[in-house]
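Data file: start-v5.cif. Format and content: mmCIF, C-alpha atoms and all ligand atoms.
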data_run
#
loop_
_atom_site.label_atom_id
_atom_site.label_comp_id
_atom_site.auth_asym_id
_atom_site.auth_seq_id
_atom_site.Cartn_x
_atom_site.Cartn_y
_atom_site.Cartn_z
CA MET A 1 52.40 79.17 203.45
CA LYS A 2 54.80 76.43 204.37
CA LEU A 3 56.98 75.06 201.58
CA ASP A 4 58.34 71.53 201.75
CA PHE A 5 62.02 70.89 201.31
CA GLU A 6 61.73 69.74 197.65
CA THR A 7 59.84 72.90 196.59
CA LYS A 8 62.41 75.09 198.35
CA LYS A 9 65.19 73.29 196.52
CA VAL A 10 63.50 73.82 193.14
CA LEU A 11 62.88 77.52 193.91
CA ALA A 12 66.46 78.05 195.02
CA GLY A 13 67.63 76.39 191.81
CA MET A 14 65.45 78.68 189.71
CA VAL A 15 66.67 81.79 191.50
CA ALA A 16 70.26 80.66 190.96
CA ILE A 17 69.66 80.12 187.23
CA LEU A 18 67.92 83.49 186.82
CA THR A 19 70.75 85.24 188.64
CA MET A 20 73.28 83.60 186.36
CA VAL A 21 71.28 84.55 183.25
CA PHE A 22 70.99 88.12 184.56
CA ILE A 23 74.74 88.36 185.14
CA GLY A 24 75.41 86.63 181.82
CA ILE A 25 73.39 89.10 179.74
CA GLN A 26 75.35 92.00 181.18
CA PHE A 27 78.18 90.94 178.85
CA THR A 28 76.05 90.59 175.72
CA GLY A 29 74.09 92.89 173.45
CA PRO A 30 75.04 96.17 171.79
CA LYS A 31 77.59 98.38 173.48
CA LEU A 32 77.41 102.13 173.33
CA GLU A 33 80.47 103.94 171.95
CA ASN A 34 80.96 107.64 172.54
CA PRO A 35 82.68 109.23 169.53
CA ILE A 36 84.61 112.46 170.10
CA ILE A 37 82.84 115.80 170.31
CA THR A 38 83.74 117.75 167.20
CA GLY A 39 81.78 120.95 167.76
CA ASP A 40 79.40 121.26 170.69
CA PHE A 41 76.08 123.16 170.53
CA GLN A 42 76.61 126.83 171.47
CA ALA A 43 73.79 128.83 173.06
CA PRO A 44 73.16 131.14 176.03
CA PRO A 45 73.68 129.22 179.32
CA ALA A 46 69.97 129.06 180.21
CA VAL A 47 69.19 127.42 176.85
CA LYS A 48 72.21 125.16 176.93
CA ASP A 49 71.34 123.92 180.44
CA ILE A 50 67.84 122.91 179.39
CA VAL A 51 69.01 121.09 176.28
CA ARG A 52 71.83 119.38 178.13
CA ARG A 53 69.55 118.20 180.92
CA SER A 54 66.70 117.07 178.71
CA CYS A 55 68.20 116.00 175.38
CA TYR A 56 71.92 115.20 175.71
CA ASP A 57 71.44 111.65 177.00
CA CYS A 58 70.26 110.60 173.54
CA HIS A 59 71.37 113.42 171.24
CA SER A 60 75.04 113.88 172.08
CA ASN A 61 78.30 111.99 172.38
CA GLU A 62 78.27 112.54 176.14
CA PRO A 63 75.22 110.69 177.47
CA ASN A 64 75.05 110.78 181.25
CA LEU A 65 73.93 107.22 181.92
CA ARG A 66 72.79 106.47 185.48
CA TRP A 67 73.59 103.10 187.02
CA TYR A 68 70.07 101.83 186.28
CA ASP A 69 70.53 102.72 182.61
CA LYS A 70 73.61 100.54 182.48
CA VAL A 71 71.95 97.32 183.64
CA ALA A 72 70.86 94.95 180.85
CA PRO A 73 68.24 94.45 179.50
CA ALA A 74 67.36 98.17 180.12
CA TYR A 75 70.80 99.07 178.80
CA TRP A 76 70.03 97.57 175.36
CA ARG A 77 67.04 99.86 175.01
CA VAL A 78 69.03 102.89 176.17
CA ALA A 79 71.85 102.11 173.72
CA GLU A 80 69.35 101.76 170.87
CA HIS A 81 67.68 105.08 171.78
CA VAL A 82 71.02 106.85 171.79
CA ARG A 83 72.01 105.27 168.48
CA GLN A 84 68.70 106.29 166.85
CA GLY A 85 68.61 109.67 168.54
CA ARG A 86 72.12 110.64 167.42
CA LYS A 87 71.36 109.68 163.84
CA GLY A 88 68.84 112.50 163.42
CA LEU A 89 70.23 115.08 165.82
CA ASN A 90 73.62 115.22 167.52
CA PHE A 91 74.49 118.30 169.56
CA SER A 92 78.13 117.13 169.76
CA THR A 93 78.63 117.58 166.02
CA TRP A 94 76.56 120.77 165.84
CA ASP A 95 79.11 122.77 163.85
CA SER A 96 78.95 120.25 161.00
CA LEU A 97 75.50 121.71 160.19
CA ALA A 98 75.11 124.86 158.10
CA PRO A 99 73.60 127.77 160.11
CA ALA A 100 70.24 127.43 158.33
CA ASP A 101 70.17 123.70 159.13
CA GLN A 102 71.00 124.40 162.77
CA LYS A 103 68.02 126.75 162.97
CA ALA A 104 65.83 124.19 161.22
CA LYS A 105 66.86 121.48 163.73
CA LEU A 106 66.04 123.79 166.65
CA TRP A 107 62.71 124.67 165.13
CA GLU A 108 61.97 120.99 164.60
CA SER A 109 63.04 120.27 168.18
CA LEU A 110 60.67 122.87 169.54
CA ASN A 111 57.84 121.34 167.50
CA GLN A 112 58.53 117.92 168.94
CA ILE A 113 58.76 119.21 172.49
CA VAL A 114 55.50 121.14 172.17
CA ALA A 115 53.84 118.10 170.61
CA GLY A 116 54.98 116.02 173.60
CA ALA A 117 57.13 113.67 171.49
CA MET A 118 60.49 114.67 173.00
CA PRO A 119 62.07 113.78 175.35
CA LEU A 120 60.74 110.24 174.90
CA LYS A 121 57.96 109.63 177.43
CA ASP A 122 59.23 106.33 178.85
CA TYR A 123 62.62 107.96 179.42
CA GLU A 124 61.02 110.93 181.15
CA LEU A 125 59.28 108.57 183.58
CA VAL A 126 62.58 107.13 184.71
CA HIS A 127 64.47 110.47 184.47
CA PRO A 128 62.04 113.05 185.87
CA SER A 129 64.71 115.77 185.79
CA ALA A 130 64.56 115.69 181.97
CA LYS A 131 60.93 116.84 181.99
CA LEU A 132 60.54 120.35 180.57
CA SER A 133 58.40 122.85 182.46
CA GLY A 134 56.30 125.51 180.78
CA SER A 135 58.95 128.08 181.60
CA ASP A 136 61.72 125.88 180.12
CA ILE A 137 59.73 125.73 176.89
CA GLY A 138 59.29 129.50 177.09
CA VAL A 139 63.07 129.97 177.28
CA LEU A 140 63.60 127.76 174.22
CA LYS A 141 60.86 129.52 172.25
CA LYS A 142 62.29 132.93 173.02
CA TYR A 143 65.75 131.83 171.96
CA ILE A 144 64.56 130.29 168.69
CA ARG A 145 62.52 133.41 167.95
CA SER A 146 65.64 135.50 168.49
CA LEU A 147 67.30 133.56 165.65
CA ARG A 148 64.49 134.38 163.27
CA VAL A 149 65.15 135.71 159.83
CA ARG A 150 64.18 139.35 160.01
CA ASN A 151 61.71 140.25 157.30
CA ILE A 152 62.91 143.32 155.44
CA PRO A 153 59.93 145.69 155.23
CA GLY A 154 59.00 146.04 151.57
CA ASP A 155 61.61 143.41 150.61
CA THR A 156 62.03 144.07 146.88
CA ALA A 157 63.63 140.68 146.23
CA LYS A 158 60.60 138.86 147.63
CA ILE A 159 58.11 141.19 145.95
CA ASN A 160 59.86 140.72 142.60
CA ALA A 161 59.90 136.96 143.09
CA LEU A 162 56.14 137.02 143.55
CA ALA A 163 55.60 139.27 140.52
CA LYS A 164 57.78 137.04 138.36
CA GLN A 165 55.98 133.95 139.51
CA THR A 166 52.57 135.46 138.79
CA MET A 167 53.70 136.27 135.24
CA GLN A 168 54.98 132.73 134.74
CA VAL A 169 51.77 131.18 135.96
CA LYS A 170 49.76 133.45 133.64
CA ALA A 171 51.99 132.44 130.72
CA LEU A 172 51.16 128.76 131.16
CA LYS A 173 48.92 128.01 128.19
CA ALA A 174 47.60 124.49 128.43
CA PRO A 175 46.70 123.03 131.81
CA MET A 176 49.78 121.05 132.75
CA ASP A 177 49.86 117.28 133.01
CA LEU A 178 49.78 116.39 136.66
CA PRO A 179 53.35 115.81 137.79
CA LYS A 180 53.98 112.55 139.63
CA ALA A 181 56.36 111.78 142.48
CA LEU A 182 58.57 108.69 142.19
CA ASN A 183 56.31 106.71 144.52
CA GLY A 184 53.45 107.21 142.06
CA ILE A 185 51.59 109.99 143.91
CA SER A 186 50.33 112.76 141.63
CA TYR A 187 50.08 116.46 142.37
CA ILE A 188 46.51 117.16 143.57
CA PRO A 189 45.45 120.67 142.45
CA ASP A 190 42.15 120.48 144.32
CA TYR A 191 43.75 121.25 147.69
CA LYS A 192 43.04 124.94 147.03
CA ASN A 193 39.35 124.19 147.60
CA TRP A 194 39.89 122.34 150.86
CA GLU A 195 39.49 123.74 154.35
CA ALA A 196 42.44 125.22 156.19
CA VAL A 197 42.91 123.17 159.35
CA SER A 198 45.93 124.93 160.78
CA SER A 199 48.65 127.43 159.98
CA THR A 200 52.22 127.79 161.13
CA GLU A 201 54.92 130.36 160.70
CA ARG A 202 58.48 129.19 160.39
CA TYR A 203 60.34 131.99 161.98
CA ASP A 204 63.63 130.24 161.39
CA ASN A 205 63.42 130.71 157.62
CA GLY A 206 60.82 133.41 156.97
CA THR A 207 58.09 131.31 155.35
CA MET A 208 54.46 130.79 156.27
CA ARG A 209 52.47 127.65 155.75
CA ILE A 210 48.87 126.55 155.78
CA ILE A 211 47.69 123.00 156.28
CA PHE A 212 44.58 122.06 154.33
CA GLY A 213 42.43 118.97 154.84
CA ASN A 214 40.11 117.24 152.35
CA ASP A 215 36.49 116.33 153.20
CA VAL A 216 37.49 113.10 154.94
CA ALA A 217 40.00 115.00 157.08
CA VAL A 218 37.52 117.72 158.02
CA LYS A 219 34.89 115.14 159.00
CA ALA A 220 37.46 113.25 161.08
CA ILE A 221 38.37 116.47 162.91
CA GLN A 222 34.74 117.25 163.65
CA GLU A 223 34.14 113.74 164.94
CA GLU A 224 37.46 113.70 166.77
CA HIS A 225 38.63 110.59 164.95
CA THR A 226 42.12 111.74 164.16
CA ASN A 227 44.19 109.12 165.92
CA PRO A 228 44.42 107.21 163.71
CA TRP A 229 43.09 109.31 160.83
CA PRO A 230 40.62 107.38 158.61
CA ASN A 231 41.68 106.02 155.22
CA GLY A 232 41.03 108.60 152.53
CA THR A 233 42.30 111.50 154.64
CA ILE A 234 44.56 113.88 152.74
CA LEU A 235 46.51 116.65 154.45
CA ALA A 236 48.24 119.25 152.28
CA LYS A 237 50.82 121.64 153.65
CA VAL A 238 51.62 124.68 151.53
CA ALA A 239 54.51 127.10 152.06
CA TRP A 240 54.97 130.63 150.79
CA ASP A 241 57.51 133.39 151.32
CA GLU A 242 56.47 135.79 154.04
CA VAL A 243 56.31 139.36 152.76
CA GLU A 244 56.13 142.20 155.29
CA ASP A 245 55.07 145.73 154.41
CA LYS A 246 56.34 148.92 156.05
CA SER A 247 53.62 148.86 158.72
CA GLY A 248 54.43 145.29 159.70
CA ASN A 249 51.53 143.57 157.93
CA VAL A 250 52.51 140.14 156.72
CA SER A 251 51.16 138.55 153.56
CA SER A 252 52.06 135.54 151.47
CA GLY A 253 54.71 135.97 148.79
CA ALA A 254 56.00 133.54 146.19
CA PHE A 255 54.79 129.94 146.37
CA LYS A 256 57.45 127.52 147.57
CA GLN A 257 55.98 124.05 147.74
CA VAL A 258 53.05 121.84 148.58
CA GLU A 259 53.33 118.55 150.48
CA TYR A 260 50.77 115.81 150.88
CA MET A 261 50.10 113.01 153.30
CA ILE A 262 47.51 110.55 151.99
CA LYS A 263 46.15 107.99 154.43
CA ASP A 264 45.75 104.40 153.27
CA ASP A 265 46.96 101.91 155.82
CA LYS A 266 47.21 99.07 153.27
CA LYS A 267 48.56 100.79 150.18
CA TYR A 268 51.12 102.79 152.13
CA ALA A 269 51.82 100.23 154.86
CA SER A 270 55.58 100.51 154.25
CA THR A 271 55.53 104.24 155.08
CA LYS A 272 53.43 104.03 158.25
CA GLY A 273 50.11 104.09 156.44
CA TRP A 274 50.67 107.45 154.75
CA GLY A 275 51.62 108.25 151.15
CA PHE A 276 54.04 111.17 151.16
CA ALA A 277 54.74 113.56 148.27
CA ARG A 278 56.17 117.05 147.83
CA PHE A 279 56.03 119.33 144.78
CA LYS A 280 58.22 122.42 144.53
CA THR A 281 57.82 125.76 142.73
CA PRO A 282 54.84 126.58 140.49
CA ALA A 283 56.27 124.05 138.02
CA MET A 284 55.41 121.45 140.72
CA VAL A 285 58.71 119.62 140.45
CA PRO A 286 58.36 116.34 142.37
CA TYR A 287 60.78 116.04 145.26
CA GLY A 288 63.01 112.98 145.66
CA LYS A 289 65.74 111.24 143.70
CA THR A 290 64.72 107.63 144.31
CA GLU A 291 61.47 105.85 145.00
CA THR A 292 62.39 105.61 148.67
CA PHE A 293 62.53 109.38 149.21
CA ALA A 294 59.61 109.10 151.62
CA THR A 295 61.88 107.47 154.21
CA GLU A 296 63.14 110.99 154.87
CA CYS A 297 59.61 112.22 155.53
CA VAL A 298 58.80 109.22 157.74
CA ASN A 299 61.98 109.64 159.80
CA CYS A 300 61.20 113.24 160.65
CA HIS A 301 57.56 112.46 161.42
CA GLN A 302 58.56 109.35 163.45
CA PRO A 303 58.54 111.09 166.85
CA MET A 304 54.83 111.75 166.27
CA SER A 305 54.16 107.99 166.05
CA ALA A 306 51.75 108.17 168.99
CA ASN A 307 49.77 110.78 167.05
CA ASP A 308 49.51 108.80 163.78
CA PHE A 309 52.68 110.56 162.52
CA VAL A 310 50.91 113.92 162.25
CA PHE A 311 52.23 117.10 163.88
CA THR A 312 49.28 119.36 163.35
CA THR A 313 46.68 119.78 166.05
CA PRO A 314 43.73 120.82 163.93
CA ILE A 315 41.70 123.86 164.87
CA LYS A 316 38.12 122.69 165.52
CA HIS A 317 35.49 124.67 163.65
C1 LIG B 1 65.67 108.75 175.68
C2 LIG B 1 66.27 109.24 174.49
C3 LIG B 1 65.87 110.60 173.95
C4 LIG B 1 65.81 111.82 174.60
C5 LIG B 1 66.13 112.10 176.05
C6 LIG B 1 65.46 112.79 173.60
N1 LIG B 1 65.31 112.19 172.38
FE1 LIG B 1 64.90 113.09 170.63
N2 LIG B 1 64.95 111.29 169.65
C7 LIG B 1 65.19 110.08 170.26
C8 LIG B 1 65.04 109.02 169.27
C9 LIG B 1 65.22 107.53 169.54
C10 LIG B 1 64.74 109.64 168.04
C11 LIG B 1 64.50 108.97 166.69
C12 LIG B 1 63.05 109.02 166.32
C13 LIG B 1 62.20 108.09 167.14
O1 LIG B 1 62.44 106.88 167.14
O2 LIG B 1 61.23 108.58 167.81
C14 LIG B 1 64.69 111.07 168.32
C15 LIG B 1 64.42 112.03 167.36
C16 LIG B 1 64.45 113.38 167.60
C17 LIG B 1 64.32 114.38 166.58
C18 LIG B 1 64.17 114.12 165.08
C19 LIG B 1 65.55 114.10 164.49
C20 LIG B 1 65.54 113.91 162.98
O3 LIG B 1 65.55 114.92 162.27
O4 LIG B 1 65.54 112.75 162.54
C21 LIG B 1 64.40 115.60 167.19
C22 LIG B 1 64.34 116.96 166.54
C23 LIG B 1 64.56 115.35 168.61
N3 LIG B 1 64.59 113.99 168.82
C24 LIG B 1 64.69 116.33 169.56
C25 LIG B 1 64.86 116.10 170.91
C26 LIG B 1 64.98 117.15 171.91
C27 LIG B 1 64.93 118.64 171.58
C28 LIG B 1 65.14 116.55 173.12
C29 LIG B 1 65.23 117.21 174.46
C30 LIG B 1 64.17 118.12 174.82
C31 LIG B 1 65.13 115.11 172.88
N4 LIG B 1 64.96 114.88 171.54
C32 LIG B 1 65.31 114.15 173.86
C33 LIG B 1 65.51 109.87 171.57
C34 LIG B 1 65.55 110.85 172.55
C1 LIG B 2 62.81 118.13 159.11
C2 LIG B 2 61.65 117.40 159.52
C3 LIG B 2 60.58 117.08 158.51
C4 LIG B 2 60.75 116.43 157.31
C5 LIG B 2 62.02 115.88 156.68
C6 LIG B 2 59.43 116.33 156.75
N1 LIG B 2 58.49 116.90 157.56
FE1 LIG B 2 56.49 117.10 157.21
N2 LIG B 2 56.29 118.19 158.90
C7 LIG B 2 57.29 118.51 159.79
C8 LIG B 2 56.74 119.37 160.85
C9 LIG B 2 57.50 119.91 162.04
C10 LIG B 2 55.40 119.56 160.55
C11 LIG B 2 54.37 120.41 161.34
C12 LIG B 2 53.82 121.52 160.49
C13 LIG B 2 54.63 122.79 160.50
O1 LIG B 2 54.72 123.40 161.57
O2 LIG B 2 55.15 123.19 159.45
C14 LIG B 2 55.15 118.79 159.32
C15 LIG B 2 53.90 118.70 158.73
C16 LIG B 2 53.63 118.04 157.55
C17 LIG B 2 52.32 117.92 156.94
C18 LIG B 2 51.02 118.41 157.55
C19 LIG B 2 50.49 117.32 158.50
C20 LIG B 2 51.25 117.26 159.82
O3 LIG B 2 51.94 116.25 160.10
O4 LIG B 2 51.19 118.24 160.59
C21 LIG B 2 52.49 117.26 155.76
C22 LIG B 2 51.41 116.93 154.77
C23 LIG B 2 53.90 116.94 155.65
N3 LIG B 2 54.56 117.41 156.75
C24 LIG B 2 54.44 116.24 154.57
C25 LIG B 2 55.80 115.90 154.49
C26 LIG B 2 56.39 115.22 153.34
C27 LIG B 2 55.65 114.79 152.10
C28 LIG B 2 57.72 115.08 153.61
C29 LIG B 2 58.81 114.45 152.77
C30 LIG B 2 58.91 114.83 151.37
C31 LIG B 2 57.95 115.68 154.92
N4 LIG B 2 56.77 116.15 155.43
C32 LIG B 2 59.18 115.73 155.52
C33 LIG B 2 58.59 118.08 159.73
C34 LIG B 2 59.16 117.40 158.65
#
Target encoding structure tokens, full file:
Amino acid sequence: MKLDFETKKVLAGMVAILTMVFIGIQFTGPKLENPIITGDFQAPPAVKDIVRRSCYDCHSNEPNLRWYDKVAPAYWRVAEHVRQGRKGLNFSTWDSLAPADQKAKLWESLNQIVAGAMPLKDYELVHPSAKLSGSDIGVLKKYIRSLRVRNIPGDTAKINALAKQTMQVKALKAPMDLPKALNGISYIPDYKNWEAVSSTERYDNGTMRIIFGNDVAVKAIQEEHTNPWPNGTILAKVAWDEVEDKSGNVSSGAFKQVEYMIKDDKKYASTKGWGFARFKTPAMVPYGKTETFATECVNCHQPMSANDFVFTTPIKH
């Protein structure tokens, strides 16, 4: 194609303007600050290497930005990822977490890695070295398992807790009024009649949990319509102490809590289409100090946004 002089002039002008805009934006937008490292994550070298390579760019105060990360507009996105990433998990301030919280963060991290939510997929595309192999995940799993709370065989404290709880439940005379969380969601006793769709063991804190689904949830699983889940779905996650006998058999001990996620994309639009509620102890004490307590739930479920904010991969019957 032959361009006449006028067209060439216009094109050259456009290229010049775009170049100037491109250079101009390099000086605008958010800038990433790197606060000091107060207490770095400590772990065996094999574990530390994996975490450093795959997670530190967004979850530490020492991101290793490549030149192509530093060019706006990509840089703005990188800076925002680091800002958001650090908010929930920062390996550079690791020692500010209590040991139990450190274990919980690692457990949560493993969940998100296994679920494919972390490291962020678009980042992985551009930084292939951050991708975790099956054996990397194996190393992390083994390490997190090594931190597990050892069950004490025949743990009298746990057995007594269960006995006490059973007595208390028996002593309840009238059926209790259904407790209500601050966002208006009531305790739903019927979950005990629902189908178990998955179970998990939290080896970091010695509890076991079962996830139940109501009829709508079970139908959605059978029809493979779980992304998004249909309105009317309710998932209930229940946690108990884990009690181990002398031969290593594990059974459920005292009841800890039940949590619900109720799907209604209009009613709960402000919390990603799910109504969240948690009730603790057999007295079913609603969790949360203010009406916005569910922000906490949403934030931790956020990395599962591509999976309708649900972690569980249901077992198909
Ligand atoms: C490219 C940036 C990036 C990388 C790399 C990355 N993350 Fe994230 N991570 C985020 C962002 C952003 C969030 C905030 C939630 C969201 O928007 O998805 C987050 C959230 C999390 C959370 C939830 C924190 C909370 O409690 O609020 C965990 C856990 C997590 N990431 C673990 C990891 C692990 C483990 C790795 C490495 C295997 C990793 N991430 C790699 C950006 C990243
Ligand atoms: C620290 C992170 C974190 C926070 C905070 C959190 N969740 Fe979850 N939630 C998880 C993980 C991880 C799972 C996967 C199930 C498991 O392994 O226990 C889960 C699973 C669930 C499930 C079963 C469905 C699913 O997504 O797999 C429900 C219901 C649930 N959470 C409700 C809540 C409610 C209600 C709150 C707030 C009161 C909340 N969660 C806060 C991490 C979190």
So that I can see what lies close to A:Gln257, please list as number ranges by chain the residues with an atom at most 12 Å from it, counting all atoms listed in the file and leaving out residues fewer than 6 positions away in the same chain.
A: 187, 207-211, 236-241, 277-287
Once you have the residues from the selection above, write them out as an mmCIF file, in the coordinates of the input, restricted to C-alpha atoms.
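In the end it all went to out.cif:
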data_model
loop_
_atom_site.group_PDB
_atom_site.id
_atom_site.type_symbol
_atom_site.label_atom_id
_atom_site.label_comp_id
_atom_site.auth_asym_id
_atom_site.auth_seq_id
_atom_site.Cartn_x
_atom_site.Cartn_y
_atom_site.Cartn_z
ATOM 1 C CA TYR A 187 50.080 116.460 142.370
ATOM 2 C CA THR A 207 58.090 131.310 155.350
ATOM 3 C CA MET A 208 54.460 130.790 156.270
ATOM 4 C CA ARG A 209 52.470 127.650 155.750
ATOM 5 C CA ILE A 210 48.870 126.550 155.780
ATOM 6 C CA ILE A 211 47.690 123.000 156.280
ATOM 7 C CA ALA A 236 48.240 119.250 152.280
ATOM 8 C CA LYS A 237 50.820 121.640 153.650
ATOM 9 C CA VAL A 238 51.620 124.680 151.530
ATOM 10 C CA ALA A 239 54.510 127.100 152.060
ATOM 11 C CA TRP A 240 54.970 130.630 150.790
ATOM 12 C CA ASP A 241 57.510 133.390 151.320
ATOM 13 C CA ALA A 277 54.740 113.560 148.270
ATOM 14 C CA ARG A 278 56.170 117.050 147.830
ATOM 15 C CA PHE A 279 56.030 119.330 144.780
ATOM 16 C CA LYS A 280 58.220 122.420 144.530
ATOM 17 C CA THR A 281 57.820 125.760 142.730
ATOM 18 C CA PRO A 282 54.840 126.580 140.490
ATOM 19 C CA ALA A 283 56.270 124.050 138.020
ATOM 20 C CA MET A 284 55.410 121.450 140.720
ATOM 21 C CA VAL A 285 58.710 119.620 140.450
ATOM 22 C CA PRO A 286 58.360 116.340 142.370
ATOM 23 C CA TYR A 287 60.780 116.040 145.260
#
Which of these, A:Thr200, A:Ser135, A:Ser247, A:Thr226, has the shortest distance to ligand LIG 2 (chain B) once you count only C-alpha atoms and all ligand atoms?
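The shortest atom-to-atom distance to ligand LIG 2 (chain B) comes from A:Thr200.
At a cut-off of 12 Å from (54.3, 142.1, 154.1), the residue set is Arg150, Asn151, Ile152, Pro153, Gly154, Asp155, Thr156, Lys158, Ile159, Leu162, Gly206, Thr207, Met208, Trp240, Asp241, Glu242, Val243, Glu244, Asp245, Lys246, Ser247, Gly248, Asn249, Val250, Ser251, Ser252, Gly253 and Ala254 of chain A (counting all atoms listed in the file).
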Residues of chain A within 6 Å of ligand LIG 2 (chain B): nearest atom pair and distance (Å, one decimal) for each, counting all atoms listed in the file, sorted by chain and number, as a Markdown table?
| residue | atom | partner | partner_atom | distance |
| --- | --- | --- | --- | --- |
| A:Glu108 | CA | B:LIG2 | C9 | 5.3 |
| A:Asn111 | CA | B:LIG2 | C9 | 5.7 |
| A:Thr200 | CA | B:LIG2 | O1 | 5.1 |
| A:Ile211 | CA | B:LIG2 | C18 | 5.8 |
| A:Leu235 | CA | B:LIG2 | C22 | 4.9 |
| A:Ala236 | CA | B:LIG2 | C22 | 4.7 |
| A:Lys237 | CA | B:LIG2 | C22 | 4.9 |
| A:Glu259 | CA | B:LIG2 | C27 | 4.7 |
| A:Tyr260 | CA | B:LIG2 | C22 | 4.1 |
| A:Met261 | CA | B:LIG2 | C22 | 4.4 |
| A:Phe276 | CA | B:LIG2 | C27 | 4.1 |
| A:Ala277 | CA | B:LIG2 | C27 | 4.1 |
| A:Arg278 | CA | B:LIG2 | C27 | 4.9 |
| A:Ala294 | CA | B:LIG2 | C29 | 5.5 |
| A:Glu296 | CA | B:LIG2 | C5 | 5.3 |
| A:Cys297 | CA | B:LIG2 | C32 | 3.5 |
| A:Cys300 | CA | B:LIG2 | C2 | 4.3 |
| A:His301 | CA | B:LIG2 | C34 | 5.9 |
| A:Val310 | CA | B:LIG2 | O3 | 3.3 |
| A:Phe311 | CA | B:LIG2 | O4 | 3.6 |
| A:Thr312 | CA | B:LIG2 | O4 | 3.5 |
Could you produce a table of the residues of chain A lying within 7 Å of ligand LIG 1 (chain B), with the nearest pair of atoms per residue and their separation in Å rounded to one decimal, using only C-alpha atoms and all ligand atoms, ordered by chain and increasing residue number, as JSON lines?
{"residue": "A:Val51", "atom": "CA", "partner": "B:LIG1", "partner_atom": "C29", "distance": 5.7}
{"residue": "A:Ser54", "atom": "CA", "partner": "B:LIG1", "partner_atom": "C29", "distance": 4.5}
{"residue": "A:Cys55", "atom": "CA", "partner": "B:LIG1", "partner_atom": "C29", "distance": 3.3}
{"residue": "A:Tyr56", "atom": "CA", "partner": "B:LIG1", "partner_atom": "C5", "distance": 6.6}
{"residue": "A:Asp57", "atom": "CA", "partner": "B:LIG1", "partner_atom": "C5", "distance": 5.4}
{"residue": "A:Cys58", "atom": "CA", "partner": "B:LIG1", "partner_atom": "C2", "distance": 4.3}
{"residue": "A:His59", "atom": "CA", "partner": "B:LIG1", "partner_atom": "N1", "distance": 6.3}
{"residue": "A:Val78", "atom": "CA", "partner": "B:LIG1", "partner_atom": "C1", "distance": 6.8}
{"residue": "A:His81", "atom": "CA", "partner": "B:LIG1", "partner_atom": "C9", "distance": 4.1}
{"residue": "A:Val82", "atom": "CA", "partner": "B:LIG1", "partner_atom": "C2", "distance": 6.0}
{"residue": "A:Gln84", "atom": "CA", "partner": "B:LIG1", "partner_atom": "C9", "distance": 4.6}
{"residue": "A:Gly85", "atom": "CA", "partner": "B:LIG1", "partner_atom": "C8", "distance": 3.7}
{"residue": "A:Lys87", "atom": "CA", "partner": "B:LIG1", "partner_atom": "O4", "distance": 6.7}
{"residue": "A:Gly88", "atom": "CA", "partner": "B:LIG1", "partner_atom": "O4", "distance": 3.4}
{"residue": "A:Leu89", "atom": "CA", "partner": "B:LIG1", "partner_atom": "C19", "distance": 5.0}
{"residue": "A:Lys105", "atom": "CA", "partner": "B:LIG1", "partner_atom": "C22", "distance": 5.9}
{"residue": "A:Glu108", "atom": "CA", "partner": "B:LIG1", "partner_atom": "C22", "distance": 5.1}
{"residue": "A:Ser109", "atom": "CA", "partner": "B:LIG1", "partner_atom": "C22", "distance": 3.9}
{"residue": "A:Leu110", "atom": "CA", "partner": "B:LIG1", "partner_atom": "C27", "distance": 6.3}
{"residue": "A:Gln112", "atom": "CA", "partner": "B:LIG1", "partner_atom": "C22", "distance": 6.4}
{"residue": "A:Ile113", "atom": "CA", "partner": "B:LIG1", "partner_atom": "C30", "distance": 6.0}
{"residue": "A:Met118", "atom": "CA", "partner": "B:LIG1", "partner_atom": "C31", "distance": 4.7}
{"residue": "A:Pro119", "atom": "CA", "partner": "B:LIG1", "partner_atom": "C32", "distance": 3.6}
{"residue": "A:Leu120", "atom": "CA", "partner": "B:LIG1", "partner_atom": "C1", "distance": 5.2}
{"residue": "A:Tyr123", "atom": "CA", "partner": "B:LIG1", "partner_atom": "C1", "distance": 4.9}
{"residue": "A:Asn299", "atom": "CA", "partner": "B:LIG1", "partner_atom": "O4", "distance": 5.5}
{"residue": "A:Cys300", "atom": "CA", "partner": "B:LIG1", "partner_atom": "O4", "distance": 4.8}
{"residue": "A:Gln302", "atom": "CA", "partner": "B:LIG1", "partner_atom": "O2", "distance": 5.2}
{"residue": "A:Pro303", "atom": "CA", "partner": "B:LIG1", "partner_atom": "O2", "distance": 3.8}
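Candidate residues A:Asn214, A:Ser186, A:Thr233, A:Thr28 were compared for distance to A:Ala72, and the nearest is A:Thr28, using all atoms listed in the file.
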Please determine, counting only C-alpha atoms, which residue among A:Asn205, A:Thr295, A:Thr38, A:Ser129 has the shortest atom-to-atom distance to A:Trp94.
A:Thr38
Return the single residue from A:Leu97, A:Val218, A:Met304, A:Ala161 that is closest to A:Lys256, with distances computed using all atoms listed in the file.
A:Ala161
